[in-house]
Protein chains: 4
Amino acid sequence: MTRTRTALFGAGEMATTHAMNILADGRLTLAYVIDPDAARAQALAQATGAQAVSADQAFADPEIAAFIIATPPRTHADYLMRLAPLGAHVFCEKPIDHDLTRARACVAAFGPAASKIQLGFNRRFDPDFIALKAALTQGRIGQPEQVLVISRDAEAPPVQGFLHSSGLLRETAVHDYDLIRWLLEDEVAEVLVMAGALINPDYLSVGQVDTTTTCLRMARGTQVTVLNSLRAAWGYDQRLEVMGSLGQAAVGNRTPTGLVLSTTHGITGEKPHFSYFQRYAEAYRAEIAAFAHSVTTGAPVTPGAVDGIRASEVAEAALLSWAEGRWVRL
Amino acid sequence: MTRTRTALFGAGEMATTHAMNILADGRLTLAYVIDPDAARAQALAQATGAQAVSADQAFADPEIAAFIIATPPRTHADYLMRLAPLGAHVFCEKPIDHDLTRARACVAAFGPAASKIQLGFNRRFDPDFIALKAALTQGRIGQPEQVLVISRDAEAPPVQGFLHSSGLLRETAVHDYDLIRWLLEDEVAEVLVMAGALINPDYLSVGQVDTTTTCLRMARGTQVTVLNSLRAAWGYDQRLEVMGSLGQAAVGNRTPTGLVLSTTHGITGEKPHFSYFQRYAEAYRAEIAAFAHSVTTGAPVTPGAVDGIRASEVAEAALLSWAEGRWVRL
Amino acid sequence: MTRTRTALFGAGEMATTHAMNILADGRLTLAYVIDPDAARAQALAQATGAQAVSADQAFADPEIAAFIIATPPRTHADYLMRLAPLGAHVFCEKPIDHDLTRARACVAAFGPAASKIQLGFNRRFDPDFIALKAALTQGRIGQPEQVLVISRDAEAPPVQGFLHSSGLLRETAVHDYDLIRWLLEDEVAEVLVMAGALINPDYLSVGQVDTTTTCLRMARGTQVTVLNSLRAAWGYDQRLEVMGSLGQAAVGNRTPTGLVLSTTHGITGEKPHFSYFQRYAEAYRAEIAAFAHSVTTGAPVTPGAVDGIRASEVAEAALLSWAEGRWVRL
Amino acid sequence: MTRTRTALFGAGEMATTHAMNILADGRLTLAYVIDPDAARAQALAQATGAQAVSADQAFADPEIAAFIIATPPRTHADYLMRLAPLGAHVFCEKPIDHDLTRARACVAAFGPAASKIQLGFNRRFDPDFIALKAALTQGRIGQPEQVLVISRDAEAPPVQGFLHSSGLLRETAVHDYDLIRWLLEDEVAEVLVMAGALINPDYLSVGQVDTTTTCLRMARGTQVTVLNSLRAAWGYDQRLEVMGSLGQAAVGNRTPTGLVLSTTHGITGEKPHFSYFQRYAEAYRAEIAAFAHSVTTGAPVTPGAVDGIRASEVAEAALLSWAEGRWVRL
């Protein structure tokens, strides 16, 4: 088995997760790590048997057949534009770019090779959501009527740390918007957002909100509600349920262990995992496995660049809805 | 112990429930049953040791100290206007009247005696919701940030049967609006509704919808979502959760028994009760007990006429929001 | 409707529960309350519209058609012997007598009228256990192979208070032994007990144990384990499960409300009810309703005197097993 | 990092699981696979980059520093006797030998090097059981009074296939006996077994039972019940709870996904995993990681040879109890 040489852009927590999953999967070899922070690039390269190199070195090596982009959102488009002529497989964390014109230009630059760009919507690879989608597809709950998504981070970032963030809707809710499109196999027709800074009003001073409720009306009429927040004292809260004509399908939180203690204080189970790295560990493994499969067999990637653009379109419409206090059509 | 003579308007299912709870409570005696359907008035009177009489006879008896109105919504205001001069205690199913001008006129006609009108918002008396409110009041989950209510009937009425209904928002969602006001001790500032006929498009032909999602922005900023539907194949679905700064508090469905069967098909518990008569049996008992307490001791009633009007104002704003596709301020 | 005049022996907590359920049921009227403690007999009589009388007065009144015995166990046989000639319906708390010879003599004294003695095995009337039995009868889990009963009181009595108790096996476990006979429709073939004073070794000084594990081998081979204890810090712990050839059926604890709190400390539900008066409130109502039904219609009572003797036989064999450290055959 | 060369005896399902975990762990290298079935030895060797060799070749290679024995129970002692002089680390599936005299001789042959034998009691490495033990150690439920273990396989083997099995008590229950010793940090004082062939009486014809209930009285008085069966239609049933003076701690089953479907048939979650390979996947990984840690650092192994002998002593006493129908002291 020839392993396919891979270059990884980024050496942060997300990039490290991908690197470890590449190693465990075994079908790709990590050749290069690229990060402006030389020390952490070096550290990750050393831990994984790769080399820390410059972006130019990586682009210039004709033997690199796969690129993984796990860098801050604002850098994705630049990397993608440089990758466009190479014809390699690309795994790119979302978004392609918050500027949709630019995102569409990136995809256009790839031409037919755009079908080789996989977007990092990891939740599509979670076993629970996959089981839920299977139940929908098999018609076990009939036609979806109402959908509810709860997606709250465990711990809110400091206001200053949020200064350059793309914000709750673009960064977190966009995952939920994608999940809904995928689960329902339907497109968002209209979006409406109710938003506020309920955790800390100072978020407003950096142009952010910390708590949002998104209503989506899908093309086929399904009513979707997405609750997002920067904070959940009880852990990373990730729940989803679909209420349909014949039944309801639900996925709840996962906990580190199943221990339940019964005492004079009540019956207590553990709270959910603290973050997406624990909650979606299996999904991160599976999305890299899917990418490795596509790279090594030529099978089409999914979710693709178009999915990235669709989800971002919903997020941008959500921002507009918040700004103008009205329904926004897509 | 002198029992207080009571007159009951209505002899349908709701009236019968109240009659049985009056008997079991013991503090009130049921003297009269009034219903245009003479046969069922007679039947209920006989079963409860009361007399079936005309409304005029009931109004004319100076010894009747308490009246219970459990008739169709459109008749409430007429009865109330005739009761206004009497100074008696009144238990009235919601709404006072869907025409808010008329509802306010009714209350005005009572003058100070309006404080003796108890509205039939039974859910305030449910032990689970009472425990949830206690947790909120004790600060166990901090400041409420997001609230979710799921309130779906088990079985949708036939389209024709829904012709003269006041509809899902006025009939069902209004209970949830009241529950939210009571739980959060806060007022609705803005309302937005997404509605559709997803179960059966024919509902639209009688001016009705069968599935609604209501967003409420409360005066203190809390974001509330209420999901209503005429149907839930899995039983009467009544859930509520409050997500706060320090934690989350949730109340789920109740089932007829706690039996759980584990077989080759999975792990299966019973589905929730079929209707509000079972789910809220305890709440119906407790609201009549509270009314009997007020009648016999003079203690103030709650929820009162003002609560009825406030909840109806939200329902009417919700209807306007649906009609015009926009946020409506209260 | 003629109500049947009833005499109640006892005015303690159990007797009071029966008195209230008689009132609510409505088919029997409580005529007499008999208790050596004149004050509490008087109090209960007054609260229920009955008269406090002597036992002799009650026996002498030919219009009393039903007797309820809710007095300490050692008094049951005396009352029963005096009731034997009267031919009335009798509801008797278990046991008939711990001395099985005397218990059998009581039953013999009744002759054919023994079929009118209902024993107070309330758990047979619990909706959860009834649902479990229905599942068994319908063959939903196939042949029962192993059964597990957990039955622990919430709070242990003081050692002195336990001096005259009939003990954990005769007082508590006997309920579980009856439940097993009824659920499985099978008889106990052999019993083995492991017992100890783990809560407080001083119980041994009054001839008692506080923690027992009973193994029952049923006539058809089913293996049953019953765990009993005088204490469960987490509330009155009442669980039962049957593992069968096709599946498993389980009944868990019931809690005062369904509120669940999620905080930094975990996900916490309420602990179970504190005692049998709350846990089996519905069962106590239903067993009196069943008795009232038999009294007013002549329908046969169940569970009957024979069930009382069978369960006591198991309890006595359990005591012997503990004393001799071996299996005891029945 | 120098990887330590390892030889693996066995190429069946268990051996394959260990081989995969060695690869993923990375600290040991799999040098040799030894199995009398040349084809499957070759297949496993090829899949893992090892060589299929004879046992003699493995014993003769002085560079093999670790041996893993995952072969049928009757072969363990022979391999161990040959390994005794080598001074290498050994991971051995339980039991050392069902003949306790022989097992003790094996351990004696190792001398001080017996401390380098790790027994395959995988459940000690399960995250749920580890959390439960931590709760016990921290005193969160006080003194253990009663313990309940349910441990049922999903699918019973054919009677013929069970002909050469060491049986339910030696093969399955022994895991539970070890778990109890480890959790409670206490020794078994007495054992009693109730056993039968309830699934299929033909098991008796090959000297086997299919359903057992074991009572253990621990040295400190704790009462333990272990329910074992060859079959559970609802999946591999693995539950454990400890009831203590201050509370109860419980671990339930794990399911493939958390999907819950609510339909007209009820509320249905998935049934537990099908077998130990899924349920204890994490535990199998962790026990090999612990072994690799000991091999590479010299840290003491646990559970050790003595734990294997202690658990087997309980299993042999359990067999005697079944045969003679009485308590057996250890």
# chains A, B, ... in the order shown; residues from 1 in each chain; ligands from 1
>>> residues_around(residues="D:Ile309", least_positions_apart="4", cutoff="12 Å", atoms="only C-alpha atoms", output="PyMOL selection string")
chain D and resi 94-108+117-119+121+170+174+177-178+303-305+313-316
>>> interface_residues(of="chain A", to="chain C", cutoff="6 Å", atoms="only C-alpha atoms", output="ChimeraX atom specification")
/A:233-234,262-264,266-271
>>> closest_residue(among="A:Val147, A:Met194, A:Ala15, A:Val224", to="A:Ala45", atoms="only C-alpha atoms")
A:Ala15
>>> residues_around(residues="D:Glu190", least_positions_apart="3", cutoff="8 Å", atoms="only C-alpha atoms", output="JSON, numbers by chain")
{"D": [216, 217, 218, 327, 328, 329, 330]}
>>> select_by_dssp(residues="stretch 82-138 of chain C", states="helix (DSSP H, G or I)", output="PyMOL selection string")
chain C and resi 82-86+100-116+122-125+127-137
>>> select_by_dssp(residues="stretch 188-301 of chain C", states="strand (DSSP E or B)", output="PyMOL selection string")
chain C and resi 188-196+211-218+223-229+237-244+247-251+260-263+266-269
>>> write_last_selection(atoms="C-alpha atoms", output="short mmCIF file (atom, residue, chain, number, x, y, z; two decimals), in the first residue's frame")
data_model
loop_
_atom_site.label_atom_id
_atom_site.label_comp_id
_atom_site.auth_asym_id
_atom_site.auth_seq_id
_atom_site.Cartn_x
_atom_site.Cartn_y
_atom_site.Cartn_z
CA VAL C 188 -41.25 -21.02 45.73
CA ALA C 189 -39.49 -24.39 45.84
CA GLU C 190 -36.40 -23.48 47.86
CA VAL C 191 -35.14 -20.45 49.71
CA LEU C 192 -31.72 -19.32 50.89
CA VAL C 193 -30.88 -16.18 52.83
CA MET C 194 -27.67 -14.24 53.39
CA ALA C 195 -28.21 -11.73 56.19
CA GLY C 196 -26.26 -9.32 58.33
CA THR C 211 -29.59 -6.24 55.28
CA THR C 212 -30.68 -9.45 53.56
CA THR C 213 -30.27 -11.16 50.23
CA THR C 214 -32.82 -13.87 49.50
CA CYS C 215 -32.42 -16.45 46.75
CA LEU C 216 -35.59 -18.22 45.64
CA ARG C 217 -35.66 -21.16 43.31
CA MET C 218 -39.15 -21.34 41.86
CA GLN C 223 -33.89 -17.94 39.79
CA VAL C 224 -35.04 -15.04 41.95
CA THR C 225 -32.93 -12.66 44.01
CA VAL C 226 -34.45 -10.25 46.51
CA LEU C 227 -32.31 -7.53 48.08
CA ASN C 228 -33.75 -5.97 51.23
CA SER C 229 -32.40 -3.36 53.60
CA ASP C 237 -35.83 2.00 46.61
CA GLN C 238 -38.34 -0.25 44.87
CA ARG C 239 -37.24 -1.89 41.65
CA LEU C 240 -38.05 -5.13 39.94
CA GLU C 241 -36.94 -6.75 36.73
CA VAL C 242 -37.63 -10.03 35.02
CA MET C 243 -35.12 -11.39 32.54
CA GLY C 244 -36.73 -13.84 30.16
CA GLY C 247 -36.52 -10.02 26.66
CA GLN C 248 -36.43 -8.18 29.93
CA ALA C 249 -39.13 -6.19 31.70
CA ALA C 250 -38.27 -3.65 34.38
CA VAL C 251 -39.96 -1.26 36.73
CA VAL C 260 -34.10 17.47 36.12
CA LEU C 261 -31.40 20.03 36.89
CA SER C 262 -28.20 20.22 34.85
CA THR C 263 -25.45 22.23 36.46
CA GLY C 266 -23.90 17.01 36.77
CA ILE C 267 -27.36 16.05 35.62
CA THR C 268 -29.59 15.54 38.65
CA GLY C 269 -33.08 14.15 38.99
#
>>> closest_residue(among="A:Leu28, A:Leu319, A:Ala7, A:Leu23", to="A:Asp61", atoms="only C-alpha atoms")
A:Ala7
>>> residues_around(residues="A:Ala65", least_positions_apart="5", cutoff="7 Å", atoms="only C-alpha atoms", output="compact mmCIF listing (two decimals) with N, CA and C atoms, in the first residue's frame")
# COMPACT_ATOMS: atom_id res chain seq x y z
N THR A 4 -0.24 8.13 0.72
CA THR A 4 -0.26 9.38 -0.02
C THR A 4 0.27 10.50 0.85
N ARG A 5 1.25 11.21 0.32
CA ARG A 5 1.88 12.29 1.08
C ARG A 5 0.94 13.47 1.23
N THR A 6 0.86 13.96 2.44
CA THR A 6 -0.11 14.98 2.79
C THR A 6 0.58 16.16 3.45
N ALA A 88 -4.93 18.73 -6.54
CA ALA A 88 -4.84 17.79 -5.40
C ALA A 88 -6.17 17.75 -4.64
N HIS A 89 -6.30 16.73 -3.79
CA HIS A 89 -7.43 16.69 -2.86
C HIS A 89 -7.18 17.70 -1.75
>>> residues_around(residues="stretch 46-59 of chain C", least_positions_apart="3", cutoff="6 Å", atoms="only C-alpha atoms", output="list in words")
Leu30, Ala31, Tyr32, Val33, Ile34, Ala41, Gln42 and Ala43 of chain C
>>> write_last_selection(atoms="N, CA and C atoms", output="PDB file, in the first residue's frame")
ATOM      1  N   LEU C  30     -67.707   4.459  56.342  1.00  0.00           N
ATOM      2  CA  LEU C  30     -66.956   4.108  57.532  1.00  0.00           C
ATOM      3  C   LEU C  30     -67.851   4.377  58.742  1.00  0.00           C
ATOM      4  N   ALA C  31     -68.284   3.295  59.400  1.00  0.00           N
ATOM      5  CA  ALA C  31     -69.194   3.458  60.543  1.00  0.00           C
ATOM      6  C   ALA C  31     -68.419   3.558  61.858  1.00  0.00           C
ATOM      7  N   TYR C  32     -67.448   2.665  62.033  1.00  0.00           N
ATOM      8  CA  TYR C  32     -66.741   2.592  63.324  1.00  0.00           C
ATOM      9  C   TYR C  32     -65.228   2.621  63.141  1.00  0.00           C
ATOM     10  N   VAL C  33     -64.570   3.264  64.119  1.00  0.00           N
ATOM     11  CA  VAL C  33     -63.116   3.158  64.246  1.00  0.00           C
ATOM     12  C   VAL C  33     -62.834   2.573  65.622  1.00  0.00           C
ATOM     13  N   ILE C  34     -61.971   1.532  65.671  1.00  0.00           N
ATOM     14  CA  ILE C  34     -61.653   0.869  66.935  1.00  0.00           C
ATOM     15  C   ILE C  34     -60.149   0.918  67.155  1.00  0.00           C
ATOM     16  N   ALA C  41     -58.299   7.206  68.061  1.00  0.00           N
ATOM     17  CA  ALA C  41     -59.525   6.616  67.507  1.00  0.00           C
ATOM     18  C   ALA C  41     -60.564   7.727  67.312  1.00  0.00           C
ATOM     19  N   GLN C  42     -60.691   8.549  68.332  1.00  0.00           N
ATOM     20  CA  GLN C  42     -61.652   9.654  68.289  1.00  0.00           C
ATOM     21  C   GLN C  42     -61.314  10.629  67.148  1.00  0.00           C
ATOM     22  N   ALA C  43     -60.038  10.946  67.038  1.00  0.00           N
ATOM     23  CA  ALA C  43     -59.612  11.908  66.013  1.00  0.00           C
ATOM     24  C   ALA C  43     -59.918  11.383  64.612  1.00  0.00           C
TER      25      ALA C  43
END
>>> residues_around(residues="A:His76", least_positions_apart="3", cutoff="9 Å", atoms="only C-alpha atoms", output="PyMOL selection string")
chain A and resi 69-73+79-81+92-97
>>> write_last_selection(atoms="N, CA, C and O atoms", output="PDB file, in the first residue's frame")
ATOM      1  N   ILE A  69      -6.367  22.000   5.356  1.00  0.00           N
ATOM      2  CA  ILE A  69      -6.311  23.398   5.808  1.00  0.00           C
ATOM      3  C   ILE A  69      -7.052  23.514   7.127  1.00  0.00           C
ATOM      4  O   ILE A  69      -8.283  23.413   7.183  1.00  0.00           O
ATOM      5  N   ALA A  70      -6.271  23.715   8.206  1.00  0.00           N
ATOM      6  CA  ALA A  70      -6.858  23.847   9.542  1.00  0.00           C
ATOM      7  C   ALA A  70      -6.285  25.094  10.193  1.00  0.00           C
ATOM      8  O   ALA A  70      -5.715  25.051  11.285  1.00  0.00           O
ATOM      9  N   THR A  71      -6.445  26.191   9.483  1.00  0.00           N
ATOM     10  CA  THR A  71      -5.907  27.488   9.911  1.00  0.00           C
ATOM     11  C   THR A  71      -7.082  28.438  10.168  1.00  0.00           C
ATOM     12  O   THR A  71      -8.232  28.079   9.915  1.00  0.00           O
ATOM     13  N   PRO A  72      -6.821  29.668  10.650  1.00  0.00           N
ATOM     14  CA  PRO A  72      -7.941  30.594  10.882  1.00  0.00           C
ATOM     15  C   PRO A  72      -8.736  30.854   9.593  1.00  0.00           C
ATOM     16  O   PRO A  72      -8.154  30.886   8.495  1.00  0.00           O
ATOM     17  N   PRO A  73     -10.041  31.072   9.730  1.00  0.00           N
ATOM     18  CA  PRO A  73     -10.942  31.226   8.579  1.00  0.00           C
ATOM     19  C   PRO A  73     -10.467  32.236   7.532  1.00  0.00           C
ATOM     20  O   PRO A  73     -10.585  31.980   6.337  1.00  0.00           O
ATOM     21  N   TYR A  79      -5.101  30.221   0.670  1.00  0.00           N
ATOM     22  CA  TYR A  79      -4.535  28.891   0.446  1.00  0.00           C
ATOM     23  C   TYR A  79      -5.251  28.171  -0.693  1.00  0.00           C
ATOM     24  O   TYR A  79      -4.629  27.548  -1.560  1.00  0.00           O
ATOM     25  N   LEU A  80      -6.566  28.293  -0.693  1.00  0.00           N
ATOM     26  CA  LEU A  80      -7.336  27.595  -1.728  1.00  0.00           C
ATOM     27  C   LEU A  80      -6.989  28.126  -3.117  1.00  0.00           C
ATOM     28  O   LEU A  80      -6.842  27.346  -4.068  1.00  0.00           O
ATOM     29  N   MET A  81      -6.841  29.449  -3.248  1.00  0.00           N
ATOM     30  CA  MET A  81      -6.516  30.009  -4.557  1.00  0.00           C
ATOM     31  C   MET A  81      -5.170  29.461  -5.055  1.00  0.00           C
ATOM     32  O   MET A  81      -4.996  29.210  -6.241  1.00  0.00           O
ATOM     33  N   CYS A  92     -10.715  21.178   3.818  1.00  0.00           N
ATOM     34  CA  CYS A  92     -10.672  22.548   4.300  1.00  0.00           C
ATOM     35  C   CYS A  92     -11.683  22.747   5.424  1.00  0.00           C
ATOM     36  O   CYS A  92     -12.866  22.444   5.272  1.00  0.00           O
ATOM     37  N   GLU A  93     -11.197  23.235   6.560  1.00  0.00           N
ATOM     38  CA  GLU A  93     -12.145  23.615   7.610  1.00  0.00           C
ATOM     39  C   GLU A  93     -13.074  24.699   7.067  1.00  0.00           C
ATOM     40  O   GLU A  93     -12.683  25.509   6.243  1.00  0.00           O
ATOM     41  N   LYS A  94     -14.291  24.734   7.576  1.00  0.00           N
ATOM     42  CA  LYS A  94     -15.229  25.781   7.132  1.00  0.00           C
ATOM     43  C   LYS A  94     -14.814  27.086   7.785  1.00  0.00           C
ATOM     44  O   LYS A  94     -14.212  27.039   8.850  1.00  0.00           O
ATOM     45  N   PRO A  95     -15.117  28.234   7.193  1.00  0.00           N
ATOM     46  CA  PRO A  95     -15.753  28.404   5.891  1.00  0.00           C
ATOM     47  C   PRO A  95     -14.682  28.508   4.801  1.00  0.00           C
ATOM     48  O   PRO A  95     -13.503  28.645   5.110  1.00  0.00           O
ATOM     49  N   ILE A  96     -15.117  28.432   3.557  1.00  0.00           N
ATOM     50  CA  ILE A  96     -14.191  28.759   2.474  1.00  0.00           C
ATOM     51  C   ILE A  96     -13.785  30.211   2.652  1.00  0.00           C
ATOM     52  O   ILE A  96     -12.612  30.528   2.735  1.00  0.00           O
ATOM     53  N   ASP A  97     -14.788  31.085   2.775  1.00  0.00           N
ATOM     54  CA  ASP A  97     -14.539  32.489   3.142  1.00  0.00           C
ATOM     55  C   ASP A  97     -15.870  33.102   3.559  1.00  0.00           C
ATOM     56  O   ASP A  97     -16.916  32.758   3.003  1.00  0.00           O
TER      57      ASP A  97
END
>>> atom_distance(atom1="atom CA of A:Ala289", atom2="atom CA of D:Ala39")
29.5 Å
